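*Asks:* There's a structure below that I have some questions on.
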Amino acid sequence: MNIISATYLISSPSVDKCPPADKPEYAFIGRSNVGKSSLINMLCDRQNLAKTSATPGKTQLINHFVIQSDPSAAGKKKNATISWYMTDLPGYGYAKVGQGQRASWKKMIEGYLRNRSNLVVVFVLIDVRHDPQAIDLAFIRQLGEWRVPFCIVFTKSDKENQRTVQMNKKQFLDTLSKDWEYLPPHFVTSAVKQRGRKEILTYIAECNESLQQLTP
Ligand code: GDP
């Protein structure tokens, strides 16, 4: 898949204020500092599309970007340009956020994840340098209860040697296996080395393609 354009559209405080649900939508979420802005910028091949390190906890909004892409880069000439939403969701795990803000985050995220009809999949970002963290596992468990399809994106893989990356990835997936019969699709990425870009974009292109086939 070839990204033709990536444009910021709007930031919304709740699902009912989001733009019309008229395109396939892919959301990104993770704990604060996991590398979400860097990943979004890397995927779109833009420097500052998602603001890297916006003030933690302050930006409790759902940020929509419109992406125009060209699946013909994968050698399929018949496909025209297709447009879809990429959504940057406010993360969890900010140390300085109070009870009230945490509760409003939860309400907004639950409202969005359970009611956004065009949401195809949520990419949950996991910092590959750490052991499985309770907060990430709890969020994933919650996604399961809500029946929201998700993928795992391991971030910052350039910060560790590849043996450690593989070990931490395996440990995380092994932990998930205790709860899940099937493991979700997963990707190892580095925003610095552009690692995982092609794999994630190909996955999105495949999802878009199968949705098009469903449309009469
Ligand atoms: P966010 O809070 O989840 O949006 O995280 P950011 O994208 O702002 O990244 C947090 C910090 O991690 C920043 O200092 C980034 O430069 C750094 N970072 C993010 N992704 C990577 C990566 O793939 N490799 C390395 N080495 N640093 C990264």
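Letters for chains follow the order of the structure tokens (A, B, ...), residue numbers begin at 1 for each chain, and ligand numbers begin at 1 in the order shown.
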Taking only C-alpha atoms and all ligand atoms and a cut-off of 6 Å, can you tell me which residues surround ligand 1, written as a ChimeraX atom specification?
*Replies:* /A:32-38,52-53,155-156,158-159,190-192
*Asks:* Considering only C-alpha atoms, give me a table of residues in segment 74-116 of chain A that are at most 7 Å from segment 60-70 of chain A, with the closest atom pair and distance in Å for each, as JSON lines.
*Replies:*
{"residue": "A:Ala80", "atom": "CA", "partner": "A:Asp70", "partner_atom": "CA", "distance": 6.6}
{"residue": "A:Thr81", "atom": "CA", "partner": "A:Asp70", "partner_atom": "CA", "distance": 4.8}
{"residue": "A:Ile82", "atom": "CA", "partner": "A:Ser69", "partner_atom": "CA", "distance": 5.5}
{"residue": "A:Ser83", "atom": "CA", "partner": "A:Gln68", "partner_atom": "CA", "distance": 4.4}
{"residue": "A:Trp84", "atom": "CA", "partner": "A:Ile67", "partner_atom": "CA", "distance": 5.3}
{"residue": "A:Tyr85", "atom": "CA", "partner": "A:Val66", "partner_atom": "CA", "distance": 4.8}
{"residue": "A:Met86", "atom": "CA", "partner": "A:Phe65", "partner_atom": "CA", "distance": 5.1}
{"residue": "A:Thr87", "atom": "CA", "partner": "A:His64", "partner_atom": "CA", "distance": 4.7}
{"residue": "A:Asp88", "atom": "CA", "partner": "A:Asn63", "partner_atom": "CA", "distance": 5.0}
{"residue": "A:Leu89", "atom": "CA", "partner": "A:Ile62", "partner_atom": "CA", "distance": 5.1}
{"residue": "A:Pro90", "atom": "CA", "partner": "A:Gln60", "partner_atom": "CA", "distance": 5.3}
{"residue": "A:Trp105", "atom": "CA", "partner": "A:Gln60", "partner_atom": "CA", "distance": 6.7}
*Asks:* Write the residues you've just listed into a file as a short mmCIF file (atom, residue, chain, number, x, y, z; two decimals), in the first residue's frame, and include all heavy atoms for each of them.
*Replies:*
data_model
loop_
_atom_site.label_atom_id
_atom_site.label_comp_id
_atom_site.auth_asym_id
_atom_site.auth_seq_id
_atom_site.Cartn_x
_atom_site.Cartn_y
_atom_site.Cartn_z
N ALA A 80 -8.70 1.50 -7.37
CA ALA A 80 -8.55 2.96 -7.37
C ALA A 80 -8.08 3.40 -5.98
O ALA A 80 -7.97 2.59 -5.07
CB ALA A 80 -9.87 3.58 -7.72
N THR A 81 -7.87 4.70 -5.85
CA THR A 81 -7.51 5.26 -4.55
C THR A 81 -8.63 4.98 -3.55
O THR A 81 -9.80 5.09 -3.88
CB THR A 81 -7.37 6.78 -4.70
OG1 THR A 81 -6.35 7.02 -5.65
CG2 THR A 81 -7.03 7.45 -3.39
N ILE A 82 -8.24 4.60 -2.35
CA ILE A 82 -9.27 4.40 -1.34
C ILE A 82 -8.97 5.27 -0.11
O ILE A 82 -7.81 5.55 0.18
CB ILE A 82 -9.51 2.90 -0.99
CG1 ILE A 82 -9.37 2.61 0.49
CG2 ILE A 82 -8.60 1.97 -1.72
CD1 ILE A 82 -10.39 1.56 0.86
N SER A 83 -10.03 5.71 0.55
CA SER A 83 -9.78 6.56 1.71
C SER A 83 -10.34 5.90 2.97
O SER A 83 -11.36 5.20 2.94
CB SER A 83 -10.29 7.97 1.44
OG SER A 83 -11.56 8.15 1.93
N TRP A 84 -9.61 6.10 4.06
CA TRP A 84 -9.96 5.47 5.34
C TRP A 84 -9.51 6.39 6.48
O TRP A 84 -8.75 7.34 6.26
CB TRP A 84 -9.34 4.08 5.47
CG TRP A 84 -7.89 3.94 5.05
CD1 TRP A 84 -7.42 3.83 3.77
CD2 TRP A 84 -6.73 3.88 5.90
NE1 TRP A 84 -6.05 3.70 3.77
CE2 TRP A 84 -5.60 3.72 5.07
CE3 TRP A 84 -6.54 3.93 7.29
CZ2 TRP A 84 -4.28 3.63 5.57
CZ3 TRP A 84 -5.24 3.82 7.79
CH2 TRP A 84 -4.14 3.68 6.93
N TYR A 85 -10.04 6.13 7.66
CA TYR A 85 -9.66 6.93 8.84
C TYR A 85 -8.59 6.21 9.65
O TYR A 85 -8.68 4.99 9.87
CB TYR A 85 -10.84 7.12 9.78
CG TYR A 85 -11.95 8.02 9.30
CD1 TYR A 85 -13.26 7.56 9.28
CD2 TYR A 85 -11.70 9.34 8.94
CE1 TYR A 85 -14.30 8.39 8.87
CE2 TYR A 85 -12.73 10.18 8.53
CZ TYR A 85 -14.03 9.69 8.51
OH TYR A 85 -15.05 10.51 8.12
N MET A 86 -7.64 7.00 10.11
CA MET A 86 -6.72 6.53 11.13
C MET A 86 -7.07 7.36 12.38
O MET A 86 -7.21 8.57 12.28
CB MET A 86 -5.28 6.79 10.70
CG MET A 86 -4.26 6.27 11.68
SD MET A 86 -2.59 6.63 11.10
CE MET A 86 -2.28 5.26 10.03
N THR A 87 -7.25 6.69 13.50
CA THR A 87 -7.67 7.40 14.71
C THR A 87 -6.63 7.25 15.81
O THR A 87 -6.20 6.14 16.13
CB THR A 87 -9.01 6.83 15.22
OG1 THR A 87 -9.87 6.69 14.10
CG2 THR A 87 -9.64 7.74 16.21
N ASP A 88 -6.26 8.39 16.36
CA ASP A 88 -5.29 8.45 17.45
C ASP A 88 -6.10 8.62 18.74
O ASP A 88 -6.69 9.67 18.98
CB ASP A 88 -4.37 9.65 17.18
CG ASP A 88 -3.33 9.85 18.26
OD1 ASP A 88 -3.26 9.03 19.19
OD2 ASP A 88 -2.57 10.83 18.16
N LEU A 89 -6.15 7.56 19.56
CA LEU A 89 -6.94 7.61 20.79
C LEU A 89 -6.06 8.01 21.97
O LEU A 89 -4.89 7.62 22.03
CB LEU A 89 -7.56 6.23 21.07
CG LEU A 89 -8.55 5.72 20.03
CD1 LEU A 89 -8.98 4.30 20.38
CD2 LEU A 89 -9.76 6.63 19.94
N PRO A 90 -6.63 8.76 22.91
CA PRO A 90 -5.84 9.12 24.10
C PRO A 90 -5.47 7.87 24.88
O PRO A 90 -6.29 6.97 25.04
CB PRO A 90 -6.78 10.02 24.89
CG PRO A 90 -8.14 9.74 24.39
CD PRO A 90 -8.01 9.26 22.98
N TRP A 105 -12.02 9.50 30.76
CA TRP A 105 -11.30 8.77 29.70
C TRP A 105 -12.01 7.44 29.44
O TRP A 105 -12.29 7.08 28.30
CB TRP A 105 -9.84 8.53 30.12
CG TRP A 105 -9.09 7.64 29.16
CD1 TRP A 105 -8.42 8.04 28.03
CD2 TRP A 105 -8.96 6.21 29.21
NE1 TRP A 105 -7.89 6.94 27.38
CE2 TRP A 105 -8.20 5.81 28.08
CE3 TRP A 105 -9.40 5.22 30.09
CZ2 TRP A 105 -7.88 4.48 27.82
CZ3 TRP A 105 -9.09 3.89 29.82
CH2 TRP A 105 -8.33 3.53 28.70
#
*Asks:* Using the chain letters and numbers from this document, which residues of chain A does DSSP assign to alpha helix (DSSP H), as an MDAnalysis selection string?
*Replies:* chainID A and resid 36:44 99:115 134:146 162:177 197:214
*Asks:* When distances are computed from only C-alpha atoms, which of A:Gln47, A:Thr189, A:Gln133, A:Gln142 shows the smallest separation from Gln171 of chain A?
*Replies:*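 Result for the nearest residue to Gln171 of chain A: A:Gln133.
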*Asks:* When distances are computed from only C-alpha atoms, which of A:Thr175, A:Ser157, A:Asn41, A:Asn168 shows the smallest separation from Ala6 of chain A?
*Replies:*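 Answer, going by the shortest atom-to-atom distance: A:Asn41.
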*Asks:* Record the distance separating atom CA of Phe123 of chain A and atom CA of Ile140 of chain A, expressed in Å with one decimal.
*Replies:* 10.5 Å
*Asks:* Would you kindly return, as a PDB file with all heavy atoms, in the first residue's frame, each protein, DNA or RNA residue with an atom no farther than 7 Å from any atom of Gly93 of chain A, considering only C-alpha atoms and excluding same-chain residues fewer than 2 positions away?
*Replies:*
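Saved result, part20.pdb, follows:
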ATOM      1  N   ARG A  31      -0.368   2.775  26.346  1.00  0.00           N
ATOM      2  CA  ARG A  31      -0.106   3.590  27.521  1.00  0.00           C
ATOM      3  C   ARG A  31       0.751   4.792  27.132  1.00  0.00           C
ATOM      4  O   ARG A  31       1.378   4.797  26.074  1.00  0.00           O
ATOM      5  CB  ARG A  31       0.511   2.788  28.659  1.00  0.00           C
ATOM      6  CG  ARG A  31       1.850   2.201  28.403  1.00  0.00           C
ATOM      7  CD  ARG A  31       2.257   1.281  29.517  1.00  0.00           C
ATOM      8  NE  ARG A  31       2.182   1.952  30.816  1.00  0.00           N
ATOM      9  CZ  ARG A  31       2.674   1.429  31.942  1.00  0.00           C
ATOM     10  NH1 ARG A  31       3.248   0.256  31.934  1.00  0.00           N
ATOM     11  NH2 ARG A  31       2.574   2.082  33.072  1.00  0.00           N
ATOM     12  N   SER A  32       0.759   5.803  27.980  1.00  0.00           N
ATOM     13  CA  SER A  32       1.464   7.036  27.663  1.00  0.00           C
ATOM     14  C   SER A  32       2.932   6.724  27.352  1.00  0.00           C
ATOM     15  O   SER A  32       3.522   5.838  27.963  1.00  0.00           O
ATOM     16  CB  SER A  32       1.380   8.009  28.828  1.00  0.00           C
ATOM     17  OG  SER A  32       2.125   7.540  29.903  1.00  0.00           O
ATOM     18  N   GLY A  91      -4.230   7.833  25.334  1.00  0.00           N
ATOM     19  CA  GLY A  91      -3.712   6.615  25.975  1.00  0.00           C
ATOM     20  C   GLY A  91      -4.085   6.501  27.431  1.00  0.00           C
ATOM     21  O   GLY A  91      -4.722   7.370  28.011  1.00  0.00           O
ATOM     22  N   ALA A  95       0.571   8.913  34.936  1.00  0.00           N
ATOM     23  CA  ALA A  95       0.720   8.951  36.389  1.00  0.00           C
ATOM     24  C   ALA A  95      -0.004  10.152  37.004  1.00  0.00           C
ATOM     25  O   ALA A  95      -0.548  10.057  38.094  1.00  0.00           O
ATOM     26  CB  ALA A  95       2.199   8.993  36.743  1.00  0.00           C
TER      27      ALA A  95
END
*Asks:* How far is it from atom CA of Val153 of chain A to atom CA of Phe187 of chain A, in Å with one decimal?
*Replies:* 4.8 Å
*Asks:* Go through A:Pro149, A:Pro71, A:Pro132, A:Gly196 one by one, measure the shortest atom-to-atom distance of each to Leu173 of chain A using only C-alpha atoms, and give the residue with the smallest value.
*Replies:*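 Checking each candidate against Leu173 of chain A, we get A:Pro132 as the closest.
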*Asks:* Kindly give the distance, in Å, that separates atom CA of Lys17 of chain A and atom CA of Val120 of chain A, rounded to a single decimal.
*Replies:*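 It comes out at 18.8 Å.
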*Asks:* Let me make sure I understand: among A:Cys18, A:Met167, A:Ile152, A:Val97, which one has the smallest atom-to-atom distance to Leu125 of chain A if we use only C-alpha atoms?
*Replies:*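 The closest residue to Leu125 of chain A is A:Ile152.
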*Asks:* Measuring between only C-alpha atoms, which one of A:Met42, A:Ala50, A:Lys107, A:Gly30 shows the shortest distance to Ser14 of chain A?
*Replies:*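 Of the candidates, the smallest distance to Ser14 of chain A is held by A:Lys107.
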*Asks:* Enumerate, as a PyMOL selection string, the complete set of residues in segment 41-136 of chain A that a backbone-based DSSP assignment places in strand (DSSP E).
*Replies:* chain A and resi 62-70+82-88+119-127
*Asks:* Take the residues from that selection and write them out as a PDB file, in the first residue's frame, keeping C-alpha atoms.
*Replies:*
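Okay, selection-v9.pdb is ready:
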ATOM      1  CA  ILE A  62     -10.315  11.276  19.674  1.00  0.00           C
ATOM      2  CA  ASN A  63      -8.147  12.495  16.792  1.00  0.00           C
ATOM      3  CA  HIS A  64      -9.184  11.599  13.250  1.00  0.00           C
ATOM      4  CA  PHE A  65      -6.889  11.589  10.234  1.00  0.00           C
ATOM      5  CA  VAL A  66      -8.067  10.905   6.698  1.00  0.00           C
ATOM      6  CA  ILE A  67      -5.735   8.684   4.731  1.00  0.00           C
ATOM      7  CA  GLN A  68      -5.823   8.269   0.971  1.00  0.00           C
ATOM      8  CA  SER A  69      -4.011   5.205  -0.172  1.00  0.00           C
ATOM      9  CA  ASP A  70      -3.300   3.386  -3.348  1.00  0.00           C
ATOM     10  CA  ILE A  82      -9.273   4.397  -1.337  1.00  0.00           C
ATOM     11  CA  SER A  83      -9.779   6.556   1.706  1.00  0.00           C
ATOM     12  CA  TRP A  84      -9.962   5.475   5.344  1.00  0.00           C
ATOM     13  CA  TYR A  85      -9.664   6.926   8.839  1.00  0.00           C
ATOM     14  CA  MET A  86      -6.719   6.531  11.133  1.00  0.00           C
ATOM     15  CA  THR A  87      -7.667   7.398  14.713  1.00  0.00           C
ATOM     16  CA  ASP A  88      -5.293   8.448  17.455  1.00  0.00           C
ATOM     17  CA  LEU A 119     -14.173   0.634  13.420  1.00  0.00           C
ATOM     18  CA  VAL A 120     -12.352  -2.265  11.763  1.00  0.00           C
ATOM     19  CA  VAL A 121      -9.632  -2.979  14.293  1.00  0.00           C
ATOM     20  CA  VAL A 122      -7.800  -1.387  17.223  1.00  0.00           C
ATOM     21  CA  PHE A 123      -4.021  -1.506  17.243  1.00  0.00           C
ATOM     22  CA  VAL A 124      -2.860  -1.860  20.856  1.00  0.00           C
ATOM     23  CA  LEU A 125       0.714  -0.654  21.270  1.00  0.00           C
ATOM     24  CA  ILE A 126       3.036  -2.461  23.665  1.00  0.00           C
ATOM     25  CA  ASP A 127       6.548  -1.258  24.519  1.00  0.00           C
TER      26      ASP A 127
END
